[in-house]
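Okay, start-v5.pdb is below, PDB, C-alpha atoms, pLDDT in the B column:
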ATOM      1  CA  MET X  17      89.944-103.357 110.710  1.00 91.00           C
ATOM      2  CA  GLN X  18      91.991-106.126 109.157  1.00 93.00           C
ATOM      3  CA  ASN X  19      95.058-106.450 106.989  1.00 95.00           C
ATOM      4  CA  LEU X  20      94.350-109.761 105.245  1.00 96.00           C
ATOM      5  CA  VAL X  21      95.746-111.071 101.960  1.00 97.00           C
ATOM      6  CA  ILE X  22      94.880-114.366 100.249  1.00 98.00           C
ATOM      7  CA  LEU X  23      96.804-115.267  97.085  1.00 97.00           C
ATOM      8  CA  ALA X  24      96.784-118.449  95.006  1.00 97.00           C
ATOM      9  CA  GLY X  25      99.459-118.804  92.367  1.00 96.00           C
ATOM     10  CA  ASN X  26     102.670-120.391  91.145  1.00 96.00           C
ATOM     11  CA  ILE X  27     106.026-120.076  92.881  1.00 96.00           C
ATOM     12  CA  GLY X  28     108.366-118.141  90.584  1.00 95.00           C
ATOM     13  CA  GLN X  29     111.711-119.108  92.101  1.00 93.00           C
ATOM     14  CA  ASP X  30     112.939-121.664  94.607  1.00 94.00           C
ATOM     15  CA  PRO X  31     112.572-120.316  98.166  1.00 96.00           C
ATOM     16  CA  GLU X  32     115.726-118.880  99.731  1.00 96.00           C
ATOM     17  CA  SER X  33     116.373-118.642 103.472  1.00 95.00           C
ATOM     18  CA  ARG X  34     118.703-116.782 105.754  1.00 94.00           C
ATOM     19  CA  THR X  35     119.021-116.565 109.522  1.00 93.00           C
ATOM     20  CA  THR X  36     119.389-113.296 111.418  1.00 93.00           C
ATOM     21  CA  ILE X  37     121.833-112.782 114.268  1.00 93.00           C
ATOM     22  CA  ASN X  38     118.857-113.252 116.627  1.00 93.00           C
ATOM     23  CA  ASN X  39     118.352-116.739 115.123  1.00 92.00           C
ATOM     24  CA  THR X  40     115.171-115.819 113.205  1.00 93.00           C
ATOM     25  CA  ARG X  41     114.801-117.773 109.967  1.00 94.00           C
ATOM     26  CA  ILE X  42     113.539-115.624 107.058  1.00 96.00           C
ATOM     27  CA  THR X  43     112.478-117.317 103.826  1.00 97.00           C
ATOM     28  CA  HIS X  44     111.615-115.443 100.622  1.00 97.00           C
ATOM     29  CA  PHE X  45     110.004-116.506  97.364  1.00 97.00           C
ATOM     30  CA  THR X  46     108.044-114.892  94.569  1.00 97.00           C
ATOM     31  CA  LEU X  47     104.483-115.812  93.650  1.00 97.00           C
ATOM     32  CA  ALA X  48     102.811-115.223  90.276  1.00 96.00           C
ATOM     33  CA  THR X  49      99.069-114.642  90.125  1.00 96.00           C
ATOM     34  CA  SER X  50      97.097-114.203  86.907  1.00 93.00           C
ATOM     35  CA  ARG X  51      93.734-112.798  85.913  1.00 92.00           C
ATOM     36  CA  PRO X  52      91.983-112.192  82.616  1.00 90.00           C
ATOM     37  CA  ARG X  53      92.567-108.846  80.900  1.00 90.00           C
ATOM     38  CA  TYR X  54      89.388-106.843  80.287  1.00 90.00           C
ATOM     39  CA  ALA X  55      88.520-104.122  77.767  1.00 86.00           C
ATOM     40  CA  GLU X  56      85.134-102.416  77.657  1.00 87.00           C
ATOM     41  CA  GLY X  57      83.745-104.908  80.158  1.00 88.00           C
ATOM     42  CA  LYS X  58      84.694-107.986  78.132  1.00 89.00           C
ATOM     43  CA  VAL X  59      87.485-110.510  78.504  1.00 91.00           C
ATOM     44  CA  LEU X  60      90.132-109.966  75.829  1.00 91.00           C
ATOM     45  CA  ARG X  61      91.060-112.951  73.654  1.00 91.00           C
ATOM     46  CA  ASP X  62      94.074-113.545  71.428  1.00 89.00           C
ATOM     47  CA  LYS X  63      93.921-114.495  67.742  1.00 90.00           C
ATOM     48  CA  ASP X  64      93.432-118.173  68.687  1.00 92.00           C
ATOM     49  CA  GLY X  65      90.513-117.445  71.037  1.00 88.00           C
ATOM     50  CA  TYR X  66      92.434-117.900  74.294  1.00 90.00           C
ATOM     51  CA  ARG X  67      91.931-115.435  77.130  1.00 91.00           C
ATOM     52  CA  VAL X  68      94.705-112.856  77.500  1.00 90.00           C
ATOM     53  CA  GLN X  69      96.111-113.044  81.032  1.00 91.00           C
ATOM     54  CA  GLU X  70      97.753-110.357  83.149  1.00 92.00           C
ATOM     55  CA  THR X  71     100.358-111.685  85.583  1.00 94.00           C
ATOM     56  CA  GLU X  72     101.390-109.940  88.780  1.00 95.00           C
ATOM     57  CA  TRP X  73     104.404-110.895  90.909  1.00 96.00           C
ATOM     58  CA  HIS X  74     104.321-110.806  94.701  1.00 97.00           C
ATOM     59  CA  ARG X  75     107.213-111.024  97.156  1.00 97.00           C
ATOM     60  CA  ILE X  76     106.378-113.492  99.936  1.00 97.00           C
ATOM     61  CA  THR X  77     108.199-113.641 103.282  1.00 97.00           C
ATOM     62  CA  CYS X  78     107.876-116.501 105.796  1.00 97.00           C
ATOM     63  CA  PHE X  79     109.397-116.703 109.258  1.00 96.00           C
ATOM     64  CA  ASN X  80     110.834-119.492 111.410  1.00 93.00           C
ATOM     65  CA  GLY X  81     108.974-122.844 111.208  1.00 93.00           C
ATOM     66  CA  LEU X  82     106.809-121.857 108.253  1.00 96.00           C
ATOM     67  CA  GLY X  83     109.917-120.666 106.420  1.00 94.00           C
ATOM     68  CA  LYS X  84     111.677-123.951 107.105  1.00 93.00           C
ATOM     69  CA  THR X  85     108.704-125.955 105.780  1.00 94.00           C
ATOM     70  CA  VAL X  86     108.454-123.808 102.650  1.00 95.00           C
ATOM     71  CA  GLU X  87     112.179-124.072 101.951  1.00 94.00           C
ATOM     72  CA  GLN X  88     112.153-127.864 102.393  1.00 92.00           C
ATOM     73  CA  HIS X  89     108.997-128.681 100.416  1.00 92.00           C
ATOM     74  CA  CYS X  90     108.396-125.914  97.858  1.00 94.00           C
ATOM     75  CA  GLN X  91     110.071-125.227  94.550  1.00 93.00           C
ATOM     76  CA  LYS X  92     109.653-123.161  91.424  1.00 94.00           C
ATOM     77  CA  GLY X  93     106.413-123.914  89.562  1.00 93.00           C
ATOM     78  CA  MET X  94     104.431-125.315  92.513  1.00 95.00           C
ATOM     79  CA  LYS X  95     100.940-124.006  93.117  1.00 96.00           C
ATOM     80  CA  VAL X  96     100.371-122.626  96.621  1.00 96.00           C
ATOM     81  CA  LEU X  97      97.773-120.662  98.565  1.00 97.00           C
ATOM     82  CA  VAL X  98      99.247-117.955 100.794  1.00 98.00           C
ATOM     83  CA  ARG X  99      97.336-116.293 103.622  1.00 98.00           C
ATOM     84  CA  GLY X 100      98.952-113.369 105.358  1.00 98.00           C
ATOM     85  CA  ARG X 101      99.215-109.607 105.542  1.00 97.00           C
ATOM     86  CA  ILE X 102     100.603-106.873 103.337  1.00 97.00           C
ATOM     87  CA  HIS X 103     103.653-105.013 104.653  1.00 97.00           C
ATOM     88  CA  TYR X 104     105.110-101.760 103.329  1.00 96.00           C
ATOM     89  CA  THR X 105     108.677-100.637 103.998  1.00 94.00           C
ATOM     90  CA  LYS X 106     110.244 -97.229 103.393  1.00 95.00           C
ATOM     91  CA  TRP X 107     113.955 -96.484 103.718  1.00 92.00           C
ATOM     92  CA  THR X 108     116.641 -94.127 102.456  1.00 95.00           C
ATOM     93  CA  ASP X 109     119.447 -95.703 100.435  1.00 93.00           C
ATOM     94  CA  ARG X 110     123.141 -94.740 100.520  1.00 94.00           C
ATOM     95  CA  GLU X 111     122.608 -92.075  97.851  1.00 94.00           C
ATOM     96  CA  GLY X 112     119.882 -90.430  99.958  1.00 94.00           C
ATOM     97  CA  ILE X 113     117.010 -91.615  97.730  1.00 96.00           C
ATOM     98  CA  GLU X 114     113.821 -92.763  99.447  1.00 95.00           C
ATOM     99  CA  ARG X 115     112.927 -96.321  98.485  1.00 95.00           C
ATOM    100  CA  TYR X 116     109.750 -98.312  99.005  1.00 96.00           C
ATOM    101  CA  SER X 117     108.921-102.004  98.925  1.00 95.00           C
ATOM    102  CA  THR X 118     105.844-104.128  99.395  1.00 96.00           C
ATOM    103  CA  GLU X 119     105.775-107.732 100.534  1.00 97.00           C
ATOM    104  CA  ILE X 120     103.334-110.280 101.849  1.00 98.00           C
ATOM    105  CA  ILE X 121     104.130-111.657 105.310  1.00 97.00           C
ATOM    106  CA  ALA X 122     102.797-115.219 105.166  1.00 97.00           C
ATOM    107  CA  GLU X 123     100.874-116.667 108.095  1.00 97.00           C
ATOM    108  CA  THR X 124     100.066-119.942 106.281  1.00 97.00           C
ATOM    109  CA  VAL X 125     101.140-121.554 103.007  1.00 97.00           C
ATOM    110  CA  ASP X 126      98.983-124.399 101.654  1.00 96.00           C
ATOM    111  CA  PHE X 127     100.423-126.666  98.959  1.00 94.00           C
ATOM    112  CA  LEU X 128      98.056-127.001  95.999  1.00 94.00           C
ATOM    113  CA  SER X 129     100.357-129.191  93.883  1.00 90.00           C
ATOM    114  CA  TRP X 130     103.205-131.639  94.308  1.00 81.00           C
ATOM    115  CA  PRO X 131     106.783-130.566  93.668  1.00 73.00           C
ATOM    116  CA  LYS X 132     108.137-131.903  90.383  1.00 68.00           C
ATOM    117  CA  ARG X 133     110.699-134.650  90.925  1.00 66.00           C
ATOM    118  CA  GLU X 134     112.947-136.307  88.377  1.00 63.00           C
ATOM    119  CA  ASP X 135     112.380-139.693  90.027  1.00 60.00           C
ATOM    120  CA  ASP X 136     108.606-139.220  90.177  1.00 54.00           C
ATOM    121  CA  SER X 137     107.437-142.462  91.771  1.00 54.00           C
ATOM    122  CA  ARG X 138     103.765-141.627  91.299  1.00 51.00           C
ATOM    123  CA  GLY X 139     104.098-142.490  87.600  1.00 48.00           C
ATOM    124  CA  ALA X 140     101.325-142.387  85.036  1.00 49.00           C
ATOM    125  CA  ASN X 141      98.645-143.456  87.517  1.00 52.00           C
ATOM    126  CA  ASP X 142      98.631-140.196  89.458  1.00 55.00           C
ATOM    127  CA  PRO X 143      95.273-140.097  91.301  1.00 53.00           C
ATOM    128  CA  ASP X 144      95.157-136.309  90.854  1.00 54.00           C
ATOM    129  CA  ASP X 145      94.946-136.794  87.076  1.00 54.00           C
ATOM    130  CA  GLU X 146      91.529-138.439  87.467  1.00 55.00           C
ATOM    131  CA  ILE X 147      89.908-135.541  89.344  1.00 50.00           C
ATOM    132  CA  PRO X 148      87.362-133.943  86.981  1.00 47.00           C
ATOM    133  CA  PHE X 149      88.125-130.309  87.863  1.00 43.00           C
TER
END

With the file now loaded, output its structure as C-alpha cells.
Amino acid sequence: MQNLVILAGNIGQDPESRTTINNTRITHFTLATSRPRYAEGKVLRDKDGYRVQETEWHRITCFNGLGKTVEQHCQKGMKVLVRGRIHYTKWTDREGIERYSTEIIAETVDFLSWPKREDDSRGANDPDDEIPF
C-alpha cells in the first residue's frame, strides 16, 4: 500500500516559513492544478471555443532543507511538480467544533519554470522560448 501524490501546477502565493521550538523549518504554499470540465463525456467549451477549466487548490507543506529551498527559489506563479503524500488532520477548536484539514506533505519539489524577476537578464533570447512544446 502506498500514499503517493504527484501534482503539477502553479504556485498560488509566495511560500511562507516558520520554525518550531524544536528547530524544524515548516514551509507552506498553495498550488493550483487545472483540468478540463466534462459534460456527457465531452470537454466543455466556452463561447469562443476554448476549453472550460476547473481549478483545484492544494495546501503544500515542506520541511527543513526542502522548505528552505522552496522559500528561497519559489514564488507566486511558478510552475512546479510536487511529489509527496496526502495528510489528513482532525482537531477540535476552542468552540468544541470538530475541524478537518487536508494537505500534501512534499518529499520533492521540481521547478518547471523560472521565477519572474524584474531585472530579467535572460532577455528576449530565452532558450526556453524556442522549445517546440

Considering all atoms listed in the file, return as a PyMOL selection string whatever protein or nucleic-acid residues lie within 7 Å of Trp107 in chain X, sequence-local ones (same chain, fewer than 3 positions apart) excluded. chain X and resi 114-116

Selected residues written out with C-alpha atoms, as an mmCIF file, keeping the file's coordinate frame:
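Result file follows (again37.cif):
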data_model
loop_
_atom_site.group_PDB
_atom_site.id
_atom_site.type_symbol
_atom_site.label_atom_id
_atom_site.label_comp_id
_atom_site.auth_asym_id
_atom_site.auth_seq_id
_atom_site.Cartn_x
_atom_site.Cartn_y
_atom_site.Cartn_z
ATOM 1 C CA GLU X 114 113.821 -92.763 99.447
ATOM 2 C CA ARG X 115 112.927 -96.321 98.485
ATOM 3 C CA TYR X 116 109.750 -98.312 99.005
#

With the file shown as input, list the residues that the PyMOL selection byres ((chain X and resi 50) around 12) selects, as JSON, numbers by chain. {"X": [23, 24, 25, 26, 47, 48, 49, 51, 52, 53, 67, 68, 69, 70, 71, 72, 73, 74]}

Please provide as JSON, numbers by chain all residues within 8 Å of Ser33 in chain X, with the sequence filter that same-chain residues fewer than 2 positions apart are discarded (counting only C-alpha atoms). {"X": [31, 35, 41, 42, 43, 44, 83, 84, 87]}

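Compared by their closest atoms to Gln88 in chain X, and using all atoms listed in the file, the residues X:Ile22, X:Ile102, X:Pro131, X:Asn39 rank with X:Pro131 nearest.
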
For range 29-42 of chain X, I'd like the enclosing box, axis-aligned and padded by 8 Å on every side, reported as lines of an AutoDock Vina configuration file with centre and edge lengths in Å to one decimal.
center_x = 116.8
center_y = -117.2
center_z = 104.4
size_x = 26.1
size_y = 24.9
size_z = 40.5

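Ranking X:Thr108, X:Thr46, X:Gln91, X:Thr36 by their shortest atom-to-atom distance to Ala122 in chain X, with only C-alpha atoms included, puts X:Thr46 first.
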
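Using all atoms listed in the file for every distance, the candidate list X:Ala55, X:Ile27, X:Met17, X:Ile113 yields X:Ile27 as the residue closest to Arg75 in chain X.
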
Shortest contact to Thr105 in chain X, candidates X:Glu119, X:Gly93, X:Val86, X:Gly57, atoms counted only C-alpha atoms, goes to X:Glu119

Generate the coordinates of all heavy atoms for range 72-83 of chain X; report them as a short mmCIF file (atom, residue, chain, number, x, y, z; two decimals), keeping the file's coordinate frame.
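Just written: rebuild.cif:
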data_model
loop_
_atom_site.label_atom_id
_atom_site.label_comp_id
_atom_site.auth_asym_id
_atom_site.auth_seq_id
_atom_site.Cartn_x
_atom_site.Cartn_y
_atom_site.Cartn_z
N GLU X 72 100.77 -110.81 87.78
CA GLU X 72 101.39 -109.94 88.78
C GLU X 72 102.30 -110.79 89.65
O GLU X 72 102.01 -111.95 89.93
CB GLU X 72 100.33 -109.28 89.66
CG GLU X 72 99.49 -108.27 88.91
CD GLU X 72 98.62 -107.46 89.85
OE1 GLU X 72 99.19 -106.83 90.78
OE2 GLU X 72 97.41 -107.47 89.66
N TRP X 73 103.43 -110.20 90.07
CA TRP X 73 104.40 -110.90 90.91
C TRP X 73 104.36 -110.31 92.31
O TRP X 73 104.30 -109.09 92.49
CB TRP X 73 105.80 -110.75 90.32
CG TRP X 73 105.95 -111.55 89.08
CD1 TRP X 73 105.76 -111.13 87.79
CD2 TRP X 73 106.28 -112.93 88.99
NE1 TRP X 73 105.96 -112.17 86.92
CE2 TRP X 73 106.28 -113.29 87.64
CE3 TRP X 73 106.57 -113.91 89.95
CZ2 TRP X 73 106.57 -114.57 87.21
CZ3 TRP X 73 106.86 -115.19 89.52
CH2 TRP X 73 106.87 -115.51 88.16
N HIS X 74 104.39 -111.20 93.30
CA HIS X 74 104.32 -110.81 94.70
C HIS X 74 105.53 -111.37 95.43
O HIS X 74 105.92 -112.51 95.20
CB HIS X 74 103.05 -111.37 95.35
CG HIS X 74 101.82 -111.11 94.53
ND1 HIS X 74 101.09 -109.94 94.62
CD2 HIS X 74 101.20 -111.87 93.60
CE1 HIS X 74 100.07 -110.00 93.78
NE2 HIS X 74 100.12 -111.16 93.14
N ARG X 75 106.11 -110.56 96.31
CA ARG X 75 107.21 -111.02 97.16
C ARG X 75 106.61 -111.57 98.44
O ARG X 75 105.89 -110.87 99.14
CB ARG X 75 108.16 -109.87 97.45
CG ARG X 75 108.91 -109.41 96.22
CD ARG X 75 109.79 -108.23 96.49
NE ARG X 75 110.23 -108.23 97.89
CZ ARG X 75 110.90 -107.24 98.45
NH1 ARG X 75 111.20 -106.19 97.78
NH2 ARG X 75 111.26 -107.30 99.71
N ILE X 76 106.93 -112.82 98.76
CA ILE X 76 106.38 -113.49 99.94
C ILE X 76 107.50 -113.72 100.94
O ILE X 76 108.59 -114.17 100.57
CB ILE X 76 105.74 -114.85 99.57
CG1 ILE X 76 104.79 -114.72 98.38
CG2 ILE X 76 105.06 -115.47 100.79
CD1 ILE X 76 103.58 -113.87 98.61
N THR X 77 107.24 -113.42 102.21
CA THR X 77 108.20 -113.64 103.28
C THR X 77 107.57 -114.53 104.35
O THR X 77 106.44 -114.29 104.78
CB THR X 77 108.63 -112.30 103.92
OG1 THR X 77 109.20 -111.48 102.90
CG2 THR X 77 109.64 -112.51 105.03
N CYS X 78 108.31 -115.57 104.75
CA CYS X 78 107.88 -116.50 105.80
C CYS X 78 108.92 -116.49 106.90
O CYS X 78 110.11 -116.33 106.64
CB CYS X 78 107.77 -117.93 105.26
SG CYS X 78 106.77 -118.12 103.79
N PHE X 79 108.48 -116.70 108.12
CA PHE X 79 109.40 -116.70 109.26
C PHE X 79 109.43 -118.06 109.94
O PHE X 79 108.46 -118.81 109.95
CB PHE X 79 108.99 -115.64 110.28
CG PHE X 79 109.19 -114.24 109.79
CD1 PHE X 79 108.13 -113.50 109.29
CD2 PHE X 79 110.45 -113.65 109.81
CE1 PHE X 79 108.31 -112.21 108.84
CE2 PHE X 79 110.64 -112.36 109.35
CZ PHE X 79 109.57 -111.63 108.86
N ASN X 80 110.59 -118.36 110.52
CA ASN X 80 110.83 -119.49 111.41
C ASN X 80 110.33 -120.82 110.87
O ASN X 80 110.74 -121.24 109.80
CB ASN X 80 110.30 -119.17 112.80
CG ASN X 80 111.04 -117.97 113.39
OD1 ASN X 80 112.25 -117.88 113.28
ND2 ASN X 80 110.30 -117.06 113.99
N GLY X 81 109.42 -121.50 111.59
CA GLY X 81 108.97 -122.84 111.21
C GLY X 81 108.30 -122.89 109.86
O GLY X 81 108.52 -123.81 109.06
N LEU X 82 107.46 -121.90 109.56
CA LEU X 82 106.81 -121.86 108.25
C LEU X 82 107.86 -121.70 107.16
O LEU X 82 107.80 -122.37 106.12
CB LEU X 82 105.79 -120.72 108.19
CG LEU X 82 105.08 -120.54 106.85
CD1 LEU X 82 104.30 -121.80 106.48
CD2 LEU X 82 104.16 -119.33 106.91
N GLY X 83 108.85 -120.85 107.39
CA GLY X 83 109.92 -120.67 106.42
C GLY X 83 110.70 -121.94 106.17
O GLY X 83 111.05 -122.27 105.04
#
